[in-house]
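Enquirer: If it helps, the file is called protein-v8.pdb and holds PDB, C-alpha atoms:
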ATOM      1  CA  MET A 563      42.572  17.328  25.671
ATOM      2  CA  SER A 564      42.256  16.515  29.340
ATOM      3  CA  THR A 565      45.382  15.722  31.229
ATOM      4  CA  ALA A 566      45.996  12.624  33.312
ATOM      5  CA  PRO A 567      48.827  11.531  35.583
ATOM      6  CA  ASN A 568      52.074  11.167  33.626
ATOM      7  CA  TYR A 569      50.572  12.985  30.651
ATOM      8  CA  ASP A 570      52.647  15.939  29.546
ATOM      9  CA  PRO A 571      50.488  19.073  29.374
ATOM     10  CA  ASP A 572      52.858  20.490  26.727
ATOM     11  CA  LEU A 573      52.060  17.510  24.519
ATOM     12  CA  ALA A 574      48.329  17.975  25.141
ATOM     13  CA  GLN A 575      48.673  21.616  24.102
ATOM     14  CA  ALA A 576      50.693  20.670  21.038
ATOM     15  CA  ILE A 577      47.979  18.210  19.987
ATOM     16  CA  ASP A 578      45.353  20.940  20.271
ATOM     17  CA  ASP A 579      47.512  23.557  18.549
ATOM     18  CA  LEU A 580      48.670  21.342  15.702
ATOM     19  CA  ALA A 581      45.385  19.599  14.867
ATOM     20  CA  PRO A 582      44.354  22.192  12.251
ATOM     21  CA  ILE A 583      47.872  22.179  10.799
ATOM     22  CA  ALA A 584      47.773  18.378  10.534
ATOM     23  CA  ALA A 585      44.463  18.620   8.676
ATOM     24  CA  GLU A 586      45.929  21.224   6.338
ATOM     25  CA  LEU A 587      49.013  19.047   5.809
ATOM     26  CA  LEU A 588      46.947  15.964   4.981
ATOM     27  CA  ALA A 589      44.816  17.986   2.562
ATOM     28  CA  ALA A 590      47.888  19.438   0.831
ATOM     29  CA  GLU A 591      49.470  15.999   0.522
ATOM     30  CA  LYS A 592      46.244  14.627  -0.939
ATOM     31  CA  ARG A 593      46.046  17.504  -3.427
ATOM     32  CA  ARG A 594      49.649  16.827  -4.458
ATOM     33  CA  ASP A 595      49.121  13.084  -4.737
ATOM     34  CA  ASP A 596      45.957  13.587  -6.789
ATOM     35  CA  LEU A 597      47.637  15.860  -9.337
ATOM     36  CA  PRO A 598      47.535  14.466 -12.848
ATOM     37  CA  PRO A 599      50.950  13.563 -14.304
ATOM     38  CA  GLN A 600      50.817  16.430 -16.806
ATOM     39  CA  THR A 601      50.518  19.057 -14.046
ATOM     40  CA  ALA A 602      53.024  21.865 -14.407
ATOM     41  CA  ASP A 603      56.117  21.554 -12.239
ATOM     42  CA  SER A 604      55.417  24.995 -10.794
ATOM     43  CA  VAL A 605      52.094  23.805  -9.363
ATOM     44  CA  ARG A 606      53.702  20.676  -7.911
ATOM     45  CA  ASP A 607      56.588  22.750  -6.524
ATOM     46  CA  GLN A 608      54.162  25.178  -4.889
ATOM     47  CA  LEU A 609      52.324  22.338  -3.152
ATOM     48  CA  ASN A 610      55.611  20.760  -2.061
ATOM     49  CA  GLU A 611      56.700  24.093  -0.632
ATOM     50  CA  GLN A 612      53.436  24.412   1.289
ATOM     51  CA  ILE A 613      53.888  20.871   2.637
ATOM     52  CA  GLU A 614      57.470  21.617   3.682
ATOM     53  CA  ASP A 615      56.319  24.762   5.502
ATOM     54  CA  LEU A 616      53.686  22.786   7.398
ATOM     55  CA  LEU A 617      56.172  20.037   8.224
ATOM     56  CA  ALA A 618      58.574  22.672   9.566
ATOM     57  CA  ILE A 619      55.935  23.708  12.112
ATOM     58  CA  PHE A 620      55.854  20.133  13.383
ATOM     59  CA  ASP A 621      59.639  19.967  13.351
ATOM     60  CA  VAL A 622      59.966  23.027  15.586
ATOM     61  CA  ARG A 623      57.300  21.885  18.038
ATOM     62  CA  ALA A 624      58.729  18.360  18.153
ATOM     63  CA  GLY A 625      62.140  19.802  18.978
ATOM     64  CA  ARG A 626      60.646  21.677  21.910
ATOM     65  CA  LEU A 627      59.031  18.437  23.105
ATOM     66  CA  ALA A 628      62.232  16.440  22.550
ATOM     67  CA  MET A 629      60.552  13.962  20.230
ATOM     68  CA  GLU A 630      60.835  12.942  16.613
ATOM     69  CA  PRO A 631      58.759  15.111  14.248
ATOM     70  CA  ASP A 632      57.217  12.019  12.642
ATOM     71  CA  ALA A 633      56.111  10.796  16.061
ATOM     72  CA  LEU A 634      54.461  14.116  16.855
ATOM     73  CA  ARG A 635      52.721  14.217  13.479
ATOM     74  CA  LEU A 636      51.416  10.705  14.038
ATOM     75  CA  ILE A 637      50.159  11.513  17.535
ATOM     76  CA  VAL A 638      48.397  14.665  16.352
ATOM     77  CA  THR A 639      46.927  12.982  13.281
ATOM     78  CA  GLU A 640      45.666  10.015  15.289
ATOM     79  CA  ALA A 641      44.160  12.303  17.949
ATOM     80  CA  ALA A 642      42.384  14.253  15.194
ATOM     81  CA  ARG A 643      41.098  11.011  13.664
ATOM     82  CA  LEU A 644      39.718   9.927  17.033
ATOM     83  CA  VAL A 645      38.093  13.330  17.560
ATOM     84  CA  GLY A 646      36.359  12.859  14.231
ATOM     85  CA  ARG A 647      34.638   9.817  15.726
ATOM     86  CA  GLY A 648      33.283  11.554  18.809
ATOM     87  CA  PRO A 649      34.431  13.495  21.854
ATOM     88  CA  LYS A 650      38.082  14.253  22.479
ATOM     89  CA  PRO A 651      39.913  11.032  23.176
ATOM     90  CA  SER A 652      41.355  10.436  26.594
ATOM     91  CA  PRO A 653      45.088   9.850  26.871
ATOM     92  CA  HIS A 654      44.218   6.179  27.413
ATOM     93  CA  ASP A 655      42.217   6.087  24.149
ATOM     94  CA  LEU A 656      45.035   7.732  22.243
ATOM     95  CA  GLU A 657      47.606   5.394  23.783
ATOM     96  CA  ARG A 658      45.498   2.375  22.850
ATOM     97  CA  ALA A 659      45.102   3.641  19.266
ATOM     98  CA  LEU A 660      48.850   4.242  18.946
ATOM     99  CA  SER A 661      49.560   0.817  20.454
ATOM    100  CA  ASP A 662      47.231  -0.749  17.886
ATOM    101  CA  MET A 663      49.131   1.115  15.179
ATOM    102  CA  VAL A 664      52.396  -0.350  16.471
ATOM    103  CA  HIS A 665      50.934  -3.859  16.336
ATOM    104  CA  VAL A 666      49.655  -3.378  12.784
ATOM    105  CA  ALA A 667      52.920  -1.784  11.632
ATOM    106  CA  THR A 668      54.922  -4.605  13.233
ATOM    107  CA  ALA A 669      52.829  -7.222  11.442
ATOM    108  CA  ASP A 670      53.108  -5.306   8.150
ATOM    109  CA  ASP A 671      56.867  -5.047   8.626
ATOM    110  CA  ARG A 672      57.154  -8.761   9.317
ATOM    111  CA  ILE A 673      55.119  -9.578   6.184
ATOM    112  CA  ALA A 674      57.202  -7.181   4.079
ATOM    113  CA  HIS A 675      60.438  -8.803   5.297
ATOM    114  CA  LEU A 676      59.047 -12.245   4.515
ATOM    115  CA  ARG A 677      58.016 -11.102   1.027
ATOM    116  CA  ARG A 678      61.442  -9.561   0.490
ATOM    117  CA  SER A 679      63.131 -12.815   1.545
ATOM    118  CA  ARG A 680      60.916 -14.798  -0.809
ATOM    119  CA  ALA A 681      61.543 -12.326  -3.628
ATOM    120  CA  GLN A 682      65.293 -12.496  -3.010
ATOM    121  CA  ALA A 683      65.152 -16.293  -3.166
ATOM    122  CA  ALA A 684      63.170 -16.057  -6.413
ATOM    123  CA  VAL A 685      65.758 -13.669  -7.861
ATOM    124  CA  GLU A 686      68.531 -16.087  -6.947
ATOM    125  CA  ARG A 687      66.626 -19.040  -8.546
ATOM    126  CA  THR A 688      65.850 -17.140 -11.729
ATOM    127  CA  THR A 689      69.411 -15.822 -11.959
ATOM    128  CA  ARG A 690      70.786 -19.360 -11.641
ATOM    129  CA  ALA A 691      68.306 -20.546 -14.296
ATOM    130  CA  ARG A 692      69.277 -17.706 -16.637
ATOM    131  CA  VAL A 693      73.003 -18.346 -16.172
ATOM    132  CA  ALA A 694      72.504 -22.094 -16.697
ATOM    133  CA  ALA A 695      70.419 -21.516 -19.843
ATOM    134  CA  ASN A 696      72.972 -19.058 -21.188
ATOM    135  CA  ASN A 697      75.829 -21.495 -20.454
ATOM    136  CA  ALA A 698      73.886 -24.323 -22.107
ATOM    137  CA  LEU A 699      73.338 -22.219 -25.220
ATOM    138  CA  ILE A 700      76.997 -21.228 -25.389
ATOM    139  CA  ALA A 701      78.099 -24.866 -24.903
ATOM    140  CA  PHE A 702      75.652 -26.128 -27.518
ATOM    141  CA  GLN A 703      76.699 -23.506 -30.028
ATOM    142  CA  ALA A 704      80.391 -24.299 -29.417
ATOM    143  CA  LEU A 705      79.838 -28.028 -29.985
ATOM    144  CA  ARG A 706      77.761 -27.400 -33.082
ATOM    145  CA  ALA A 707      80.422 -25.354 -34.811
TER     146      ALA A 707
END
Could you quickly redo this structure as structure tokens?
Expert:
Amino acid sequence: MSTAPNYDPDLAQAIDDLAPIAAELLAAEKRRDDLPPQTADSVRDQLNEQIEDLLAIFDVRAGRLAMEPDALRLIVTEAARLVGRGPKPSPHDLERALSDMVHVATADDRIAHLRRSRAQAAVERTTRARVAANNALIAFQALRA
């Protein structure tokens, strides 16, 4: 990846170095997620161990770059995705892609919070209705006796 002003060459090197590991990680996660439910625990455990080993590589490199491992994984994965569409992305292209991801994630987060608020209100309504129905039944049965 070419460097530009204010672009850390250590990060550029990490992106290049970790791209094949990110691809391997994504493939291992997909294999694990695609396992049928009846798969032996030993097979699932082996894949989880492989995934943990790959994640540890990101953890170490992220520590050296003083960034969160998830952030580094996302940067590397997004850079690899952009490379799959053509030439190596410029830092500007990668920044724009990550910025777009922030906007989408922010909108998704806002929608999820709204849905949670609506669901919580529905739970409160249905709980009140259940309690009222139960109280009505108890009162009716008491008066009937």
Enquirer: So which one's closest to Ser661 in chain A, A:Ala585, A:Ala602, A:Ile637, A:Ala707? Using all atoms listed in the file, please.
Expert: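 Of the candidates, the smallest distance to Ser661 in chain A is held by A:Ile637.
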Enquirer: From the list A:Ala618, A:Ile613, A:Ala628, A:Ala584, which residue is nearest Asp570 in chain A when using all atoms listed in the file?
Expert: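 Looking only at the distances to Asp570 in chain A, the closest residue turns out to be A:Ala628.
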Enquirer: Quick check, in Å to one decimal: how far apart do CA of Leu597 in chain A and CA of Leu609 in chain A lie?
Expert: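 Atom-to-atom, CA of Leu597 in chain A to CA of Leu609 in chain A, that is 10.1 Å.
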Enquirer: First collect every listed atom of range 670-688 of chain A; then fit an axis-aligned box around them, widen it by 3 Å on each side, and give centre and edge lengths in Å to one decimal, as AutoDock Vina command-line options.
Expert:
--center_x 60.8 --center_y -12.0 --center_z -1.2 --size_x 21.4 --size_y 20.0 --size_z 27.0
Enquirer: Between CA of Arg593 in chain A and CA of Arg606 in chain A, what is the distance in Å, rounded to a tenth?
Expert: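 Computed distance, CA of Arg593 in chain A to CA of Arg606 in chain A, equals 9.4 Å.
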Enquirer: In Å, rounded to a single decimal, give me how far CA of Ala667 in chain A is from CA of Pro649 in chain A.
Expert: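 Interatomic distance here is 26.1 Å.
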Enquirer: Report as a PyMOL selection string the full result of the PyMOL selection byres ((chain A and resi 640) around 10) when it is applied to this structure.
Expert: chain A and resi 577+581+584+634-639+641-646+651+656-657+659-660+663
